[in-house]
>>> print(open('query_3.cif').read())   # mmCIF, C-alpha atoms
data_upload
#
loop_
_atom_site.label_atom_id
_atom_site.label_comp_id
_atom_site.auth_asym_id
_atom_site.auth_seq_id
_atom_site.Cartn_x
_atom_site.Cartn_y
_atom_site.Cartn_z
CA MET I 1 -19.16 -3.66 16.54
CA SER I 2 -19.59 -7.41 16.20
CA THR I 3 -17.18 -10.19 17.02
CA GLN I 4 -18.05 -12.37 14.05
CA THR I 5 -15.12 -11.68 11.75
CA PRO I 6 -12.02 -13.51 13.00
CA ILE I 7 -8.76 -11.59 13.20
CA PRO I 8 -6.15 -13.13 10.87
CA THR I 9 -3.42 -14.89 12.79
CA THR I 10 0.25 -15.29 11.96
CA PRO I 11 2.98 -17.34 13.60
CA SER I 12 4.45 -15.07 16.22
CA THR I 13 5.51 -14.85 19.82
CA THR I 14 3.25 -15.99 22.60
CA GLY I 15 0.71 -13.40 23.67
CA LEU I 16 0.01 -11.69 20.36
CA THR I 17 -3.36 -13.39 19.99
CA ALA I 18 -4.42 -12.13 23.41
CA THR I 19 -3.17 -8.65 22.60
CA ARG I 20 -5.18 -8.62 19.38
CA ARG I 21 -8.29 -9.60 21.30
CA GLN I 22 -7.70 -6.92 23.91
CA LEU I 23 -7.15 -4.27 21.26
CA TRP I 24 -10.27 -5.32 19.37
CA ALA I 25 -12.37 -5.20 22.54
CA ALA I 26 -11.08 -1.70 23.26
CA LEU I 27 -11.95 -0.54 19.75
CA GLU I 28 -15.43 -2.02 20.09
CA ALA I 29 -15.88 0.11 23.19
CA ARG I 30 -14.18 3.13 21.55
CA ASP I 31 -11.86 3.14 24.56
CA GLU I 32 -8.60 4.72 23.50
CA GLN I 33 -6.95 4.29 26.89
CA ALA I 34 -7.69 0.57 26.90
CA ALA I 35 -6.41 0.25 23.32
CA ALA I 36 -3.15 1.94 24.25
CA ALA I 37 -2.87 -0.13 27.42
CA ALA I 38 -3.22 -3.37 25.46
CA VAL I 39 -0.43 -2.51 23.03
CA LEU I 40 1.90 -0.68 25.40
CA GLY I 41 1.40 -3.34 28.05
CA ALA I 42 2.53 -6.00 25.60
CA HIS I 43 5.55 -3.83 24.76
CA ASP I 44 6.37 -3.56 28.47
CA ALA I 45 6.18 -7.36 28.62
CA GLY I 46 8.88 -7.63 25.98
CA VAL I 47 7.02 -7.91 22.69
CA PRO I 48 9.05 -6.03 20.03
CA ALA I 49 7.43 -2.91 18.61
CA GLU I 50 7.63 -4.25 15.06
CA GLU I 51 5.58 -7.31 15.99
CA LEU I 52 2.99 -5.12 17.68
CA LEU I 53 2.77 -2.93 14.57
CA LEU I 54 2.53 -5.71 12.01
CA ASP I 55 1.08 -8.68 13.90
CA VAL I 56 -1.37 -6.85 16.15
CA ILE I 57 -2.33 -3.41 14.85
CA GLY I 58 -2.18 -4.40 11.18
CA PRO I 59 -4.43 -7.49 11.46
CA VAL I 60 -6.88 -5.62 13.68
CA GLN I 61 -7.11 -2.90 11.05
CA ALA I 62 -7.90 -5.57 8.45
CA ARG I 63 -10.70 -6.76 10.71
CA ILE I 64 -12.11 -3.25 10.93
CA GLY I 65 -12.37 -3.21 7.14
CA ALA I 66 -13.99 -6.63 7.05
CA GLU I 67 -16.58 -5.60 9.63
CA TRP I 68 -17.45 -2.50 7.60
CA ALA I 69 -17.74 -4.55 4.40
CA ALA I 70 -20.13 -6.93 6.15
CA ASP I 71 -22.25 -3.94 7.29
CA ARG I 72 -21.69 -4.75 10.95
CA ILE I 73 -20.16 -1.34 11.63
CA GLY I 74 -20.80 2.00 9.99
CA VAL I 75 -18.44 4.47 8.37
CA ALA I 76 -18.27 6.63 11.49
CA GLN I 77 -17.37 3.62 13.66
CA GLU I 78 -14.72 2.56 11.15
CA HIS I 79 -13.22 6.05 11.18
CA ALA I 80 -13.28 6.21 14.98
CA ALA I 81 -11.52 2.86 15.32
CA THR I 82 -8.92 3.81 12.71
CA ALA I 83 -8.24 7.12 14.46
CA ILE I 84 -7.66 5.30 17.74
CA GLN I 85 -5.31 2.89 15.98
CA ASP I 86 -3.32 5.80 14.55
CA ARG I 87 -2.92 7.35 17.99
CA VAL I 88 -1.83 4.00 19.45
CA VAL I 89 0.83 3.78 16.74
CA ALA I 90 1.99 7.27 17.72
CA ALA I 91 2.17 6.30 21.39
CA LEU I 92 4.23 3.23 20.54
CA ALA I 93 6.47 5.28 18.25
CA HIS I 94 7.25 7.75 21.03
CA ARG I 95 8.55 4.88 23.12
CA THR I 96 10.87 3.71 20.38
CA ALA I 97 11.99 7.11 19.12
CA ASP I 98 15.65 6.43 19.89
CA ALA I 99 16.35 4.29 16.82
CA PRO I 100 19.79 2.83 16.15
CA ALA I 101 22.25 5.33 14.68
CA SER I 102 23.02 3.11 11.70
CA CYS I 103 21.31 0.58 9.49
CA PRO I 104 21.70 -2.68 11.43
CA LYS I 105 22.47 -4.86 8.41
CA THR I 106 25.17 -2.73 6.81
CA GLY I 107 26.54 -0.64 9.68
CA THR I 108 26.55 2.37 7.38
CA ALA I 109 24.94 5.73 7.97
CA PRO I 110 21.15 5.40 7.94
CA ARG I 111 19.44 5.91 4.61
CA ARG I 112 16.73 8.53 4.35
CA VAL I 113 13.41 7.25 3.04
CA THR I 114 10.38 9.38 2.20
CA VAL I 115 7.14 7.47 2.79
CA ALA I 116 3.93 8.88 1.35
CA CYS I 117 0.50 7.94 0.03
CA VAL I 118 -0.20 8.84 -3.58
CA ASP I 119 -2.50 11.74 -4.40
CA GLY I 120 -6.10 10.84 -3.55
CA GLU I 121 -5.18 7.92 -1.28
CA TRP I 122 -6.63 8.43 2.20
CA HIS I 123 -5.89 4.98 3.66
CA ALA I 124 -2.73 6.05 5.43
CA LEU I 125 -2.26 3.42 8.15
CA PRO I 126 -0.29 0.94 5.97
CA ALA I 127 2.17 3.69 5.07
CA ARG I 128 2.38 4.76 8.71
CA LEU I 129 3.17 1.20 9.78
CA LEU I 130 5.92 1.00 7.16
CA ALA I 131 7.39 4.30 8.33
CA GLU I 132 7.57 3.10 11.94
CA VAL I 133 9.05 -0.26 10.95
CA LEU I 134 11.76 1.51 8.97
CA ARG I 135 12.48 3.87 11.86
CA GLY I 136 12.79 0.89 14.17
CA ARG I 137 15.33 -0.65 11.83
CA GLY I 138 17.51 2.46 11.81
CA PHE I 139 16.37 4.35 8.73
CA LEU I 140 15.78 8.09 8.72
CA VAL I 141 12.18 8.51 7.65
CA ASP I 142 10.15 11.42 6.35
CA TYR I 143 6.53 10.33 6.68
CA LEU I 144 4.26 12.59 4.65
CA GLY I 145 0.94 10.86 5.36
CA ALA I 146 -2.18 10.52 3.24
CA HIS I 147 -3.09 12.17 -0.06
CA VAL I 148 0.19 13.79 -1.10
CA PRO I 149 -0.19 15.66 -4.43
CA THR I 150 2.70 14.83 -6.74
CA PRO I 151 3.92 18.45 -7.14
CA HIS I 152 4.14 18.79 -3.34
CA LEU I 153 5.99 15.47 -3.11
CA ILE I 154 8.54 16.59 -5.69
CA ALA I 155 9.00 19.95 -3.95
CA HIS I 156 9.68 18.11 -0.68
CA LEU I 157 12.21 15.81 -2.33
CA HIS I 158 14.11 18.78 -3.76
CA GLN I 159 14.49 20.16 -0.24
CA THR I 160 15.69 16.98 1.45
CA GLY I 161 18.44 14.44 1.08
CA THR I 162 16.11 11.52 0.42
CA ASP I 163 17.72 8.38 -1.01
CA VAL I 164 14.55 6.52 -1.97
CA VAL I 165 10.79 7.13 -2.05
CA ALA I 166 8.23 4.59 -0.82
CA LEU I 167 4.74 5.16 -2.21
CA SER I 168 1.62 3.50 -0.84
CA SER I 169 -1.80 3.02 -2.39
CA SER I 170 -4.66 0.75 -1.37
CA LEU I 171 -7.17 1.49 -4.15
CA PRO I 172 -6.43 0.47 -7.76
CA LEU I 173 -8.36 3.47 -9.04
CA ARG I 174 -5.33 5.53 -7.93
CA LEU I 175 -3.01 3.69 -10.33
CA PRO I 176 -2.96 6.46 -12.98
CA THR I 177 -1.99 8.95 -10.28
CA ALA I 178 0.58 6.53 -8.90
CA HIS I 179 2.07 6.19 -12.37
CA ALA I 180 2.44 9.96 -12.62
CA ALA I 181 4.11 10.08 -9.20
CA VAL I 182 6.52 7.24 -10.01
CA THR I 183 7.54 8.91 -13.27
CA ALA I 184 7.95 12.33 -11.65
CA VAL I 185 10.14 11.00 -8.83
CA GLN I 186 12.30 9.00 -11.23
CA ALA I 187 12.69 12.10 -13.41
CA ILE I 188 14.60 13.82 -10.60
CA GLY I 189 16.90 10.82 -10.23
CA LEU I 190 15.37 8.98 -7.26
CA PRO I 191 14.25 5.35 -7.15
CA VAL I 192 10.69 4.44 -6.14
CA LEU I 193 9.52 1.46 -4.10
CA VAL I 194 5.75 0.90 -4.14
CA GLY I 195 3.38 -1.18 -2.07
CA GLY I 196 -0.24 -1.62 -1.13
CA ALA I 197 -3.23 -3.51 -2.46
CA ALA I 198 -3.57 -1.16 -5.44
CA PHE I 199 -0.54 -2.72 -7.12
CA GLY I 200 -1.98 -6.23 -7.18
CA PRO I 201 -1.23 -9.22 -4.96
CA ASP I 202 1.83 -10.09 -7.07
CA GLY I 203 2.92 -6.53 -7.81
CA ARG I 204 1.90 -6.80 -11.47
CA TYR I 205 0.86 -3.16 -11.70
CA ALA I 206 4.05 -1.98 -10.02
CA ARG I 207 6.05 -3.59 -12.82
CA LEU I 208 3.68 -2.29 -15.48
CA LEU I 209 3.99 1.29 -14.23
CA GLY I 210 7.78 1.14 -14.10
CA ALA I 211 8.38 1.26 -10.34
CA ASP I 212 11.92 0.35 -9.31
CA GLY I 213 10.71 -2.08 -6.68
CA TRP I 214 7.61 -3.57 -5.08
CA ALA I 215 7.07 -5.13 -1.68
CA PRO I 216 4.05 -7.12 -0.51
CA ASP I 217 4.37 -5.95 3.09
CA ALA I 218 6.39 -3.77 5.43
CA ARG I 219 8.89 -6.46 6.40
CA ALA I 220 9.66 -7.20 2.75
CA ALA I 221 10.03 -3.49 2.05
CA ALA I 222 12.47 -3.10 4.94
CA ARG I 223 14.55 -6.04 3.68
CA LEU I 224 14.70 -4.59 0.17
CA LEU I 225 15.75 -1.18 1.45
CA ALA I 226 18.36 -2.67 3.79
CA ALA I 227 19.98 -4.24 0.74
CA GLY I 228 20.33 -0.77 -0.79
CA PRO I 229 18.05 1.64 -2.65
CA PRO I 230 16.76 0.10 -5.88
CA ARG I 231 18.13 1.70 -9.01
CA PRO I 232 16.37 1.81 -12.36
CA ASP I 233 18.07 -0.16 -15.12
CA THR I 234 16.83 2.21 -17.81
CA ALA I 235 15.46 5.70 -18.14
CA PRO I 236 11.91 6.17 -16.82
CA PRO I 237 9.45 4.91 -19.44
CA THR I 238 6.97 7.26 -21.00
CA THR I 239 3.27 6.53 -20.80
CA THR I 240 2.95 5.78 -24.51
CA ASP I 241 6.01 3.48 -24.51
CA ASP I 242 5.03 1.55 -21.39
CA LEU I 243 1.25 1.47 -21.94
CA PRO I 244 0.72 1.42 -25.70
CA HIS I 245 -2.94 0.47 -25.31
CA LEU I 246 -3.64 4.00 -24.08
CA ALA I 247 -3.22 5.20 -27.65
CA ASP I 248 -6.86 4.22 -28.29
CA GLN I 249 -7.94 7.06 -25.93
CA GLU I 250 -10.58 4.90 -24.24
CA TYR I 251 -9.25 5.63 -20.75
CA THR I 252 -9.21 9.38 -21.39
CA LEU I 253 -12.66 9.49 -22.96
CA VAL I 254 -14.31 7.33 -20.30
CA THR I 255 -12.86 9.33 -17.42
CA ARG I 256 -13.73 12.65 -19.02
CA ALA I 257 -17.34 11.49 -19.49
CA ARG I 258 -17.65 10.32 -15.87
CA THR I 259 -20.35 12.79 -14.79
CA GLN I 260 -22.41 12.21 -17.91
CA LEU I 261 -22.12 8.42 -17.58
CA VAL I 262 -23.21 8.46 -13.94
CA ARG I 263 -26.24 10.57 -14.80
CA GLN I 264 -27.12 8.38 -17.78
CA VAL I 265 -26.85 5.10 -15.88
CA LEU I 266 -28.77 6.44 -12.89
CA GLN I 267 -31.62 7.48 -15.15
CA GLY I 268 -31.57 4.11 -16.87
CA LEU I 269 -31.72 2.27 -13.55
CA GLN I 270 -34.76 4.28 -12.52
CA ASP I 271 -36.46 3.10 -15.71
CA THR I 272 -35.41 -0.57 -15.48
CA VAL I 273 -35.23 -1.42 -11.75
CA PRO I 274 -38.73 -1.17 -10.23
CA ALA I 275 -37.43 -1.07 -6.65
CA MET I 276 -35.82 2.32 -7.29
CA ALA I 277 -39.24 3.95 -7.49
CA GLY I 278 -39.39 3.74 -3.70
CA TYR I 279 -35.86 4.98 -3.03
CA THR I 280 -35.32 7.92 -0.71
CA ASP I 281 -33.15 10.84 -1.77
CA ARG I 282 -30.33 9.40 0.33
CA GLN I 283 -30.65 6.00 -1.37
CA ARG I 284 -30.53 7.65 -4.80
CA GLU I 285 -27.44 9.56 -3.71
CA ARG I 286 -25.76 6.36 -2.56
CA THR I 287 -26.67 4.67 -5.85
CA ALA I 288 -25.08 7.54 -7.79
CA GLU I 289 -21.94 7.15 -5.66
CA ASP I 290 -21.83 3.42 -6.44
CA ILE I 291 -22.16 4.10 -10.17
CA ALA I 292 -19.36 6.65 -9.96
CA HIS I 293 -17.10 4.05 -8.33
CA ILE I 294 -17.92 1.59 -11.11
CA VAL I 295 -16.92 4.16 -13.74
CA ASP I 296 -13.74 4.99 -11.81
CA PHE I 297 -12.68 1.36 -11.60
CA LEU I 298 -13.53 0.83 -15.25
CA GLY I 299 -11.16 3.70 -16.00
CA ALA I 300 -8.43 2.14 -13.85
CA SER I 301 -8.82 -1.23 -15.55
CA LEU I 302 -8.59 0.47 -18.95
CA TYR I 303 -5.45 2.30 -17.84
CA VAL I 304 -3.63 -0.95 -17.02
CA ASP I 305 -5.57 -2.97 -19.63
CA ASP I 306 -6.53 -5.68 -17.15
CA PRO I 307 -10.18 -6.80 -16.93
CA GLU I 308 -9.37 -8.69 -13.72
CA LEU I 309 -8.99 -5.39 -11.92
CA PHE I 310 -12.56 -4.50 -12.87
CA THR I 311 -14.04 -7.94 -12.17
CA GLY I 312 -12.42 -7.98 -8.75
CA PHE I 313 -14.04 -4.67 -7.93
CA VAL I 314 -17.54 -5.54 -9.15
CA THR I 315 -17.62 -8.87 -7.32
CA TRP I 316 -16.44 -7.12 -4.14
CA THR I 317 -19.13 -4.50 -4.69
CA ALA I 318 -21.73 -7.23 -5.10
CA GLY I 319 -20.85 -8.52 -1.64
CA ILE I 320 -20.99 -5.04 -0.14
CA LEU I 321 -24.41 -4.33 -1.68
CA ARG I 322 -25.76 -7.73 -0.70
CA ALA I 323 -24.77 -7.09 2.93
CA ARG I 324 -26.81 -3.89 2.73
CA GLY I 325 -29.88 -5.50 1.20
CA VAL I 326 -29.43 -4.16 -2.34
CA PRO I 327 -30.52 -6.70 -5.00
CA GLY I 328 -27.75 -7.95 -7.29
CA ASP I 329 -29.89 -7.34 -10.38
CA ALA I 330 -29.30 -3.60 -9.97
CA LEU I 331 -25.52 -4.03 -10.34
CA ILE I 332 -25.88 -6.18 -13.45
CA ALA I 333 -28.31 -3.65 -14.90
CA ALA I 334 -25.80 -0.86 -14.24
CA LEU I 335 -23.09 -2.73 -16.15
CA ASP I 336 -25.47 -3.34 -19.05
CA LEU I 337 -26.35 0.35 -19.21
CA LEU I 338 -22.68 1.31 -19.13
CA ALA I 339 -21.96 -1.16 -21.93
CA GLU I 340 -24.69 0.44 -24.05
CA ALA I 341 -23.04 3.80 -23.54
CA GLN I 342 -19.62 2.40 -24.57
CA HIS I 343 -20.65 1.12 -28.01
CA ASP I 344 -17.62 2.78 -29.65
CA PHE I 345 -15.12 1.51 -27.06
CA PRO I 346 -14.27 -2.19 -27.57
CA ARG I 347 -11.90 -2.49 -24.60
CA ALA I 348 -14.41 -0.90 -22.23
CA ARG I 349 -17.16 -3.21 -23.47
CA ALA I 350 -14.89 -6.23 -23.01
CA HIS I 351 -14.09 -5.23 -19.42
CA LEU I 352 -17.77 -4.64 -18.66
CA ALA I 353 -18.68 -8.01 -20.18
CA ALA I 354 -16.03 -9.70 -18.02
CA GLY I 355 -17.51 -8.00 -14.96
CA ARG I 356 -21.01 -9.17 -15.86
CA ARG I 357 -19.83 -12.77 -16.30
CA ALA I 358 -18.07 -12.63 -12.94
CA LEU I 359 -21.25 -11.42 -11.23
CA LEU I 360 -23.14 -14.45 -12.49
CA HIS I 361 -20.75 -16.64 -10.50
CA VAL I 362 -20.94 -14.72 -7.23
CA PRO I 363 -22.24 -17.16 -4.57
CA ALA I 364 -25.84 -16.75 -3.53
CA PRO I 365 -26.42 -15.05 -0.17
CA PRO I 366 -26.75 -17.36 2.83
CA ALA I 367 -30.19 -18.29 4.07
CA PRO I 368 -31.53 -15.88 6.69
CA GLY I 369 -31.08 -16.92 10.25
CA PRO I 370 -29.61 -15.85 13.60
CA ARG I 371 -26.02 -14.65 13.67
CA SER I 372 -23.58 -16.72 15.62
#
>>> encode(input="query_3.cif", output="structure tokens")
Amino acid sequence: MSTQTPIPTTPSTTGLTATRRQLWAALEARDEQAAAAAVLGAHDAGVPAEELLLDVIGPVQARIGAEWAADRIGVAQEHAATAIQDRVVAALAHRTADAPASCPKTGTAPRRVTVACVDGEWHALPARLLAEVLRGRGFLVDYLGAHVPTPHLIAHLHQTGTDVVALSSSLPLRLPTAHAAVTAVQAIGLPVLVGGAAFGPDGRYARLLGADGWAPDARAAARLLAAGPPRPDTAPPTTTDDLPHLADQEYTLVTRARTQLVRQVLQGLQDTVPAMAGYTDRQRERTAEDIAHIVDFLGASLYVDDPELFTGFVTWTAGILRARGVPGDALIAALDLLAEAQHDFPRARAHLAAGRRALLHVPAPPAPGPRS
């Protein structure tokens, strides 16, 4: 790993910056004992567990993602560091297992909260951090982890006395699945609080999909839940009532044609991008994966009818590809080929055109030179 990407800092107690540095150094060395020692040592010194979770482990996890995006660490390194982080959270949780017997703000019996990631969401650490913060504040928590299929979630809720469900998702392409989960949970009479990057920085998609509440971070979620479980003002909306644009069937038709679209665009790129003639089988496989992600995010943007979701993804992808030496012309060519295939879908073409315009304004890569 590199030390180029700075860890985000937040106002906090003295010593958190040093603890972040120690934890990062341990992750660089893949030294789980040193990682645990950094966090548990700070806890021994009096730093509250919640601050260690949200102001140390959380920011370091964000740095792991930034280092991967910049191509300074590989997928395996990112997974190894994340696994160590998860075990450090567990070690810290074992120390603080004896939570207060009541919610500190109300003095009432602790509320039971089920925390889960939506189906297909594998980025579980944000949900895990929320679960531990809630436990520390006196809630009873059922933490179900990553990738919880909606039928299994509902079956669990029928068997427990849960008061509220907290759903997490980091990737906007999971929004259709999140919508199904929100609706299913509300149908059995339980409120749903959602959070994670998938729902937009201002929670716009949470409101669109009918969630009963949204929180930008774990502390905000804990405050909302301490005030009492959110309750829906009306009956859960149906998809057609809440998202009338889906009546045009563009989302359904694009997602159903995913395999065909990937194959068609890949073939078109081989004909229009000369550099692909020299690609290895692995490079062609990676290119197909990138095209599939583009189609998936196009589907998600069609589902919520927001081109900004798609433009945000393609500009992020441009940075990822640039860090890996892939020319930006290939991404623009892929969008053009997709647009040609969507000649009967005006919303899809509009979203693809917005993505193309956004790519033209992506800053040029820095001049080559030594890394600092």
>>> closest_residue(input="query_3.cif", among="I:Val133, I:Ala353, I:Leu321, I:Ala198", to="Arg223 (chain I)", atoms="all atoms listed in the file")
I:Val133
>>> closest_residue(input="query_3.cif", among="I:Leu125, I:Ala36, I:Ala288, I:Ala197", to="Thr19 (chain I)", atoms="all atoms listed in the file")
I:Ala36
>>> atom_distance(input="query_3.cif", atom1="CA of Arg135 (chain I)", atom2="CA of Ala220 (chain I)")
14.6 Å
>>> resolve_selection(input="query_3.cif", expression="the PyMOL selection byres ((chain I and resi 22-26) around 12)", output="JSON, numbers by chain")
{"I": [1, 2, 3, 4, 5, 6, 7, 15, 16, 17, 18, 19, 20, 21, 27, 28, 29, 30, 31, 32, 33, 34, 35, 36, 37, 38, 39, 40, 41, 42, 52, 55, 56, 57, 58, 59, 60, 61, 62, 63, 64, 67, 80, 81, 82, 84, 85, 88]}
>>> atom_distance(input="query_3.cif", atom1="CA of Ala334 (chain I)", atom2="CA of Leu246 (chain I)")
24.7 Å
>>> atom_distance(input="query_3.cif", atom1="CA of Trp122 (chain I)", atom2="CA of Ile294 (chain I)")
18.7 Å
>>> residues_around(input="query_3.cif", residues="Val273 (chain I)", least_positions_apart="4", cutoff="9 Å", atoms="only C-alpha atoms", output="ChimeraX atom specification")
/I:268-269,277,329-330,333
>>> residues_around(input="query_3.cif", residues="Leu54 (chain I)", least_positions_apart="6", cutoff="10 Å", atoms="all atoms listed in the file", output="VMD selection string")
chain I and resid 10 60 126 129 to 130 133 217 to 219
>>> resolve_selection(input="query_3.cif", expression="the PyMOL selection byres ((chain I and resi 317) around 10)", output="count of residues only")
19
>>> axis_aligned_box(input="query_3.cif", around="region 283-288 of chain I", padding_each_side="6 Å", output="AutoDock Vina command-line options")
--center_x -27.9 --center_y 7.1 --center_z -4.6 --size_x 17.6 --size_y 16.9 --size_z 18.4
>>> resolve_selection(input="query_3.cif", expression="the PyMOL selection byres ((chain I and resi 200) around 12)", output="NGL selection string")
:I and (169-173 or 175 or 194-199 or 201-209 or 214-216 or 301 or 304 or 306 or 308-309 or 312)
>>> closest_residue(input="query_3.cif", among="I:Asp296, I:Asp242, I:Glu51, I:Glu285", to="Arg174 (chain I)", atoms="all atoms listed in the file")
I:Asp296
>>> closest_residue(input="query_3.cif", among="I:Ala257, I:Ile188, I:Ala180, I:Ala300", to="His156 (chain I)", atoms="only C-alpha atoms")
I:Ile188
>>> closest_residue(input="query_3.cif", among="I:Asp212, I:Asp119, I:Asp248, I:Asp44", to="Leu153 (chain I)", atoms="all atoms listed in the file")
I:Asp119
>>> residues_around(input="query_3.cif", residues="Val113 (chain I)", least_positions_apart="3", cutoff="6 Å", atoms="only C-alpha atoms", output="ChimeraX atom specification")
/I:141,162,164-165
>>> write_last_selection(input="query_3.cif", atoms="C-alpha atoms", output="mmCIF file, keeping the file's coordinate frame")
data_model
loop_
_atom_site.group_PDB
_atom_site.id
_atom_site.type_symbol
_atom_site.label_atom_id
_atom_site.label_comp_id
_atom_site.auth_asym_id
_atom_site.auth_seq_id
_atom_site.Cartn_x
_atom_site.Cartn_y
_atom_site.Cartn_z
ATOM 1 C CA VAL I 141 12.180 8.510 7.650
ATOM 2 C CA THR I 162 16.110 11.520 0.420
ATOM 3 C CA VAL I 164 14.550 6.520 -1.970
ATOM 4 C CA VAL I 165 10.790 7.130 -2.050
#
